Amino acid sequence: MSMNQVRQVAEAAVPGAVIGVLAGAVVGVMAALVGQPVGWALTGAVALGIPLALLGGGYGAVVALGLVRPGVFTPAAVLWLVGFPFARLLHETITPVLLGGSPTPPESIPTFLAFQALISPGFAIGFVWLFERLTPAWLAGIKDHNPVAERVYARYAVHAAALWEARERRRARRRPTAATGAAARGRQSRSS
Amino acid sequence: MWRAGGLEPMPIRKLPEAPPSVHLIGPTVFLVALGVGMGESYMWPRLVLLFGPEIRWLFLIGVTLQAFVLLEMARYAMATGESIFTGAARIFKPIMWFFFTIAILIYIWPGHLSAGASAFEQATGIPWQVAAIIGMLFVGTLFTLAKVVYNLVESVLGILIGVLVLGTAVIASLVGTWGDLATTITGMFAFGYIPAEANTAEWFPVIVGSIAFAGPSGMQQMWYTLHLRDSGAGMGAHIPQLRGLRGAGEEEEQPSRGFMFDTDDPEEMAKWRGWRRWVTFDAILLFWGITMLVTISFTVLAQAAARQSPDVVALLRDGDRSAALQAMSDSFGSIGMPALGTVFLGFIALIGLNATLGLFDSFARGQADMTYHFIPGAKRFRMAHLYAGFLWGVIIFGICILLWGPADGPAAILDILAFLSTFAMGAYCIVLLLVNNRLLPKPIRPKIWTNLIIGFGAFFYLGMLFYSLVRFGVIVS
């Protein structure tokens, strides 16, 4: 894969990374808003936001490469089942380091990872939900100069076309449609 | 033509193709926004702390039952493009008028605003009445200016719910423990567990009210049929979308009845199965999954808070919601993450905002639909005008109540709401059985086991409601 293609895939993967940043930064941003020290807010945002952004961006990249169909839940659930616990482990361990202390991993790492893995499907639902809402608009904006984005966008366009057809049918609804079959024939008198 | 009940027959039209792939953006977003509320974030965490995680089996039954109700509501709406209210009128018009009246009785009170706005007050210091009034005016203006109301509401709610789901998952992962989560989940399968204290006049009505608030409560499922239709699902594609007041001039003429597809055509039935798959995915993953996730997250949060501060349990027992939520917020601040308390209150406020957006739209939509089709002379107005009338009517009434109504309104309002909600839920289960089994062609009627589940729903809601009344002489709370 050429550098140009890597750049195109990376650009198409931006929404996934943004959602990762958003999720990781949720605590940090709120902390800053309510007047907590900037250092505290940034630590939370960086320590959790960066790993989640990398994983989210990775998901966006595999969608862009066509390895995963957009809108399908299972691949995202598998990604976060593995990725979310390790992102949290990293966050838990290095936050004190970023604040000038020494690393403090959880007491029981297997239990910690298992707990985070159980939380991860919830995170995956929220991630896919937002991904499906943000990605089409982002791809529409970059598809003119990015062939990878154009290809992924075409997949969304298939669905959009189906909705468009439904709307056209609705507009044309006054046109008489021939009734066929038993529902049209024999049941006129039936008043159920 | 398909004759169904006492109203105008439905012309036969083609059923549109179901969406080509499992896509995540559906009208269930409304149900999630409405359903994830105080039941998930406060009432059930409260019961878990008071009676133990085993009490959650009742929540599991409540939410699972609601998922089946969702699927059955969708059956009628997708097959005909009509709302469940029109279906009820086809059976017997007074049933529809009953729901028209009960909707006004339940939903004109601004009680649902108080929880979110109170949390906002605790986080920011802005008085909750001020936040609630600004919120109502904002919602009214937003929906008035929207060209097509559905598209706007779905987009806004979609982003808000996405942020809520991500945020609660992250927060639960920060403060929860393996033990909290394990007991919360295993507690859902302790079928039959009823602690002695729960079967008393003090607590039984609370439990019944909490079951009614598990997932969408009251008439929210009935309004879902209107959103489903407006999203163009199934035969809803043949019905024009509802417009905001600004777009009223472009409104297409509303047909006076829905449509039916040819159920003897194998191609049409294949498309119907596609629509059923689509809505089943919505019901299971989005509705059931997100409702479960949020309530599990909040229960884990409540358990973490109770460990930090025993006051939380005492305040929950007293039923002082604001104090309990504040104590939970404080307890997160005390475990070395000072911002978490505010984040927690922020999410309670977000839940309130979601519910407000969804409730005002849904109420106005439902009342406008019934008024337009069944009140003589109403058709000289456009649907958009009626929608705006009900929307601003409920907003202005709400503002008046907040300014001059009873000071202790919120809690008292929630009690009345809980009683009527439970009653409406039992009643719509019966309506669903009648509508789907008497008005739809045989090939698309529900299976016997589905009828049994919905029948159980009617028995469950009405039975508990009247047991509470007869056994303890107390309505639900």
# chains A, B, ... in the order shown; residues from 1 in each chain; ligands from 1
>>> interface_residues(of="chain B", to="chain A", cutoff="8 Å", atoms="only C-alpha atoms", output="number ranges by chain")
B: 1-6, 12-14, 16-17, 19-25, 158-159, 161-167, 169-173, 177-178, 181, 232, 237-240, 261-265, 286, 289-290, 293, 338-340, 342-343, 438-439, 441
>>> residues_around(residues="Asp369 of chain B", least_positions_apart="4", cutoff="9 Å", atoms="only C-alpha atoms", output="JSON, numbers by chain")
{"B": [83, 85, 86, 226, 364, 365, 373, 374, 383, 386, 387]}
>>> write_last_selection(atoms="N, CA and C atoms", output="compact mmCIF listing (two decimals), in the first residue's frame")
# COMPACT_ATOMS: atom_id res chain seq x y z
N SER B 83 -51.45 4.59 12.90
CA SER B 83 -51.01 4.54 14.29
C SER B 83 -51.86 3.53 15.05
N PHE B 85 -53.47 4.20 17.57
CA PHE B 85 -54.69 4.92 17.97
C PHE B 85 -55.79 4.70 16.92
N THR B 86 -55.42 4.78 15.64
CA THR B 86 -56.41 4.52 14.59
C THR B 86 -56.85 3.07 14.65
N LEU B 226 -46.28 6.09 15.71
CA LEU B 226 -46.28 7.31 14.90
C LEU B 226 -44.89 7.60 14.35
N ALA B 364 -47.54 15.73 21.28
CA ALA B 364 -48.17 16.58 20.28
C ALA B 364 -48.52 15.78 19.02
N ARG B 365 -47.65 14.87 18.66
CA ARG B 365 -47.84 14.03 17.48
C ARG B 365 -49.08 13.14 17.64
N HIS B 373 -57.86 13.12 12.52
CA HIS B 373 -58.65 12.07 11.88
C HIS B 373 -60.04 11.89 12.49
N PHE B 374 -60.23 12.28 13.75
CA PHE B 374 -61.48 11.88 14.40
C PHE B 374 -62.31 13.01 14.98
N MET B 383 -52.10 19.13 9.47
CA MET B 383 -51.57 18.35 10.60
C MET B 383 -50.50 19.17 11.33
N LEU B 386 -52.05 21.51 13.86
CA LEU B 386 -52.53 20.83 15.06
C LEU B 386 -51.36 20.42 15.95
N TYR B 387 -50.30 19.91 15.29
CA TYR B 387 -49.10 19.50 16.03
C TYR B 387 -48.55 20.69 16.81
>>> select_by_dssp(residues="segment 4-135 of chain A", states="helix (DSSP H, G or I)", output="JSON, numbers by chain")
{"A": [4, 5, 6, 7, 8, 9, 10, 11, 12, 14, 15, 16, 17, 18, 19, 20, 21, 22, 23, 24, 25, 26, 27, 28, 29, 30, 31, 32, 33, 38, 39, 40, 41, 42, 43, 44, 45, 46, 47, 48, 49, 50, 51, 52, 53, 54, 55, 56, 57, 58, 59, 60, 61, 62, 63, 64, 73, 74, 75, 76, 77, 78, 79, 80, 81, 82, 83, 84, 85, 86, 87, 88, 89, 90, 91, 92, 93, 94, 95, 96, 97, 98, 109, 110, 111, 112, 113, 114, 115, 116, 117, 118, 119, 120, 121, 122, 123, 124, 125, 126, 127, 128, 129, 130, 131, 132, 133, 134, 135]}
>>> closest_residue(among="A:Thr43, A:Asn4, A:Ala17, A:Arg151", to="Val97 of chain A", atoms="only C-alpha atoms")
A:Thr43
>>> residues_around(residues="Asn437 of chain B", least_positions_apart="5", cutoff="12 Å", atoms="only C-alpha atoms", output="VMD selection string")
(chain A and resid 192) or (chain B and resid 4 to 5 72 75 to 76 87 91 430 to 432 442 to 448 450 to 451 454)
>>> residues_around(residues="Phe466 of chain B", least_positions_apart="2", cutoff="12 Å", atoms="only C-alpha atoms", output="PDB file with N, CA and C atoms, in the first residue's frame")
ATOM      1  N   PHE B 204     -44.582  -2.420  48.171  1.00  0.00           N
ATOM      2  CA  PHE B 204     -45.136  -3.072  46.983  1.00  0.00           C
ATOM      3  C   PHE B 204     -45.521  -2.053  45.891  1.00  0.00           C
ATOM      4  N   PRO B 205     -46.203  -0.955  46.280  1.00  0.00           N
ATOM      5  CA  PRO B 205     -46.551   0.033  45.231  1.00  0.00           C
ATOM      6  C   PRO B 205     -45.315   0.635  44.559  1.00  0.00           C
ATOM      7  N   VAL B 208     -44.182  -1.934  41.987  1.00  0.00           N
ATOM      8  CA  VAL B 208     -45.066  -1.933  40.811  1.00  0.00           C
ATOM      9  C   VAL B 208     -44.757  -0.716  39.940  1.00  0.00           C
ATOM     10  N   PHE B 419     -49.314   5.752  38.377  1.00  0.00           N
ATOM     11  CA  PHE B 419     -50.570   5.000  38.418  1.00  0.00           C
ATOM     12  C   PHE B 419     -51.201   4.930  37.029  1.00  0.00           C
ATOM     13  N   THR B 422     -49.230   2.798  34.459  1.00  0.00           N
ATOM     14  CA  THR B 422     -49.399   1.354  34.584  1.00  0.00           C
ATOM     15  C   THR B 422     -50.736   0.929  33.999  1.00  0.00           C
ATOM     16  N   PHE B 423     -51.760   1.722  34.271  1.00  0.00           N
ATOM     17  CA  PHE B 423     -53.082   1.391  33.757  1.00  0.00           C
ATOM     18  C   PHE B 423     -53.081   1.428  32.225  1.00  0.00           C
ATOM     19  N   GLY B 426     -51.369  -1.715  30.732  1.00  0.00           N
ATOM     20  CA  GLY B 426     -52.222  -2.902  30.711  1.00  0.00           C
ATOM     21  C   GLY B 426     -53.249  -2.783  29.601  1.00  0.00           C
ATOM     22  N   ALA B 458     -50.708  -7.810  29.823  1.00  0.00           N
ATOM     23  CA  ALA B 458     -51.937  -7.173  30.331  1.00  0.00           C
ATOM     24  C   ALA B 458     -52.211  -7.629  31.757  1.00  0.00           C
ATOM     25  N   PHE B 459     -52.067  -8.945  31.982  1.00  0.00           N
ATOM     26  CA  PHE B 459     -52.307  -9.514  33.308  1.00  0.00           C
ATOM     27  C   PHE B 459     -51.291  -8.956  34.317  1.00  0.00           C
ATOM     28  N   PHE B 460     -50.042  -8.854  33.870  1.00  0.00           N
ATOM     29  CA  PHE B 460     -48.932  -8.414  34.714  1.00  0.00           C
ATOM     30  C   PHE B 460     -49.164  -6.977  35.200  1.00  0.00           C
ATOM     31  N   TYR B 461     -49.421  -6.066  34.248  1.00  0.00           N
ATOM     32  CA  TYR B 461     -49.564  -4.652  34.612  1.00  0.00           C
ATOM     33  C   TYR B 461     -50.864  -4.399  35.388  1.00  0.00           C
ATOM     34  N   LEU B 462     -51.979  -4.869  34.844  1.00  0.00           N
ATOM     35  CA  LEU B 462     -53.254  -4.596  35.507  1.00  0.00           C
ATOM     36  C   LEU B 462     -53.376  -5.388  36.804  1.00  0.00           C
ATOM     37  N   GLY B 463     -52.878  -6.634  36.776  1.00  0.00           N
ATOM     38  CA  GLY B 463     -52.954  -7.485  37.968  1.00  0.00           C
ATOM     39  C   GLY B 463     -52.213  -6.852  39.137  1.00  0.00           C
ATOM     40  N   MET B 464     -50.986  -6.403  38.889  1.00  0.00           N
ATOM     41  CA  MET B 464     -50.200  -5.815  39.978  1.00  0.00           C
ATOM     42  C   MET B 464     -50.823  -4.521  40.468  1.00  0.00           C
ATOM     43  N   SER B 468     -52.260  -4.203  44.227  1.00  0.00           N
ATOM     44  CA  SER B 468     -51.765  -3.163  45.118  1.00  0.00           C
ATOM     45  C   SER B 468     -52.935  -2.383  45.726  1.00  0.00           C
ATOM     46  N   LEU B 469     -53.924  -2.107  44.898  1.00  0.00           N
ATOM     47  CA  LEU B 469     -55.085  -1.350  45.377  1.00  0.00           C
ATOM     48  C   LEU B 469     -55.916  -2.156  46.376  1.00  0.00           C
ATOM     49  N   VAL B 470     -56.177  -3.422  46.024  1.00  0.00           N
ATOM     50  CA  VAL B 470     -57.076  -4.234  46.840  1.00  0.00           C
ATOM     51  C   VAL B 470     -56.367  -4.710  48.112  1.00  0.00           C
ATOM     52  N   ARG B 471     -55.132  -5.220  47.941  1.00  0.00           N
ATOM     53  CA  ARG B 471     -54.419  -5.820  49.070  1.00  0.00           C
ATOM     54  C   ARG B 471     -53.944  -4.764  50.065  1.00  0.00           C
ATOM     55  N   PHE B 472     -53.412  -3.648  49.515  1.00  0.00           N
ATOM     56  CA  PHE B 472     -52.812  -2.648  50.405  1.00  0.00           C
ATOM     57  C   PHE B 472     -53.576  -1.323  50.413  1.00  0.00           C
ATOM     58  N   GLY B 473     -54.526  -1.182  49.518  1.00  0.00           N
ATOM     59  CA  GLY B 473     -55.280   0.071  49.461  1.00  0.00           C
ATOM     60  C   GLY B 473     -54.436   1.257  49.039  1.00  0.00           C
ATOM     61  N   VAL B 474     -53.358   0.975  48.298  1.00  0.00           N
ATOM     62  CA  VAL B 474     -52.451   2.049  47.889  1.00  0.00           C
ATOM     63  C   VAL B 474     -52.251   1.967  46.385  1.00  0.00           C
ATOM     64  N   ILE B 475     -52.221   3.130  45.713  1.00  0.00           N
ATOM     65  CA  ILE B 475     -51.886   3.123  44.298  1.00  0.00           C
ATOM     66  C   ILE B 475     -50.374   3.024  44.148  1.00  0.00           C
ATOM     67  N   VAL B 476     -49.927   2.791  42.929  1.00  0.00           N
ATOM     68  CA  VAL B 476     -48.482   2.644  42.725  1.00  0.00           C
ATOM     69  C   VAL B 476     -47.784   3.973  42.970  1.00  0.00           C
TER      70      VAL B 476
END
>>> atom_distance(atom1="atom CA of Trp449 of chain B", atom2="atom CA of Lys93 of chain B")
27.9 Å
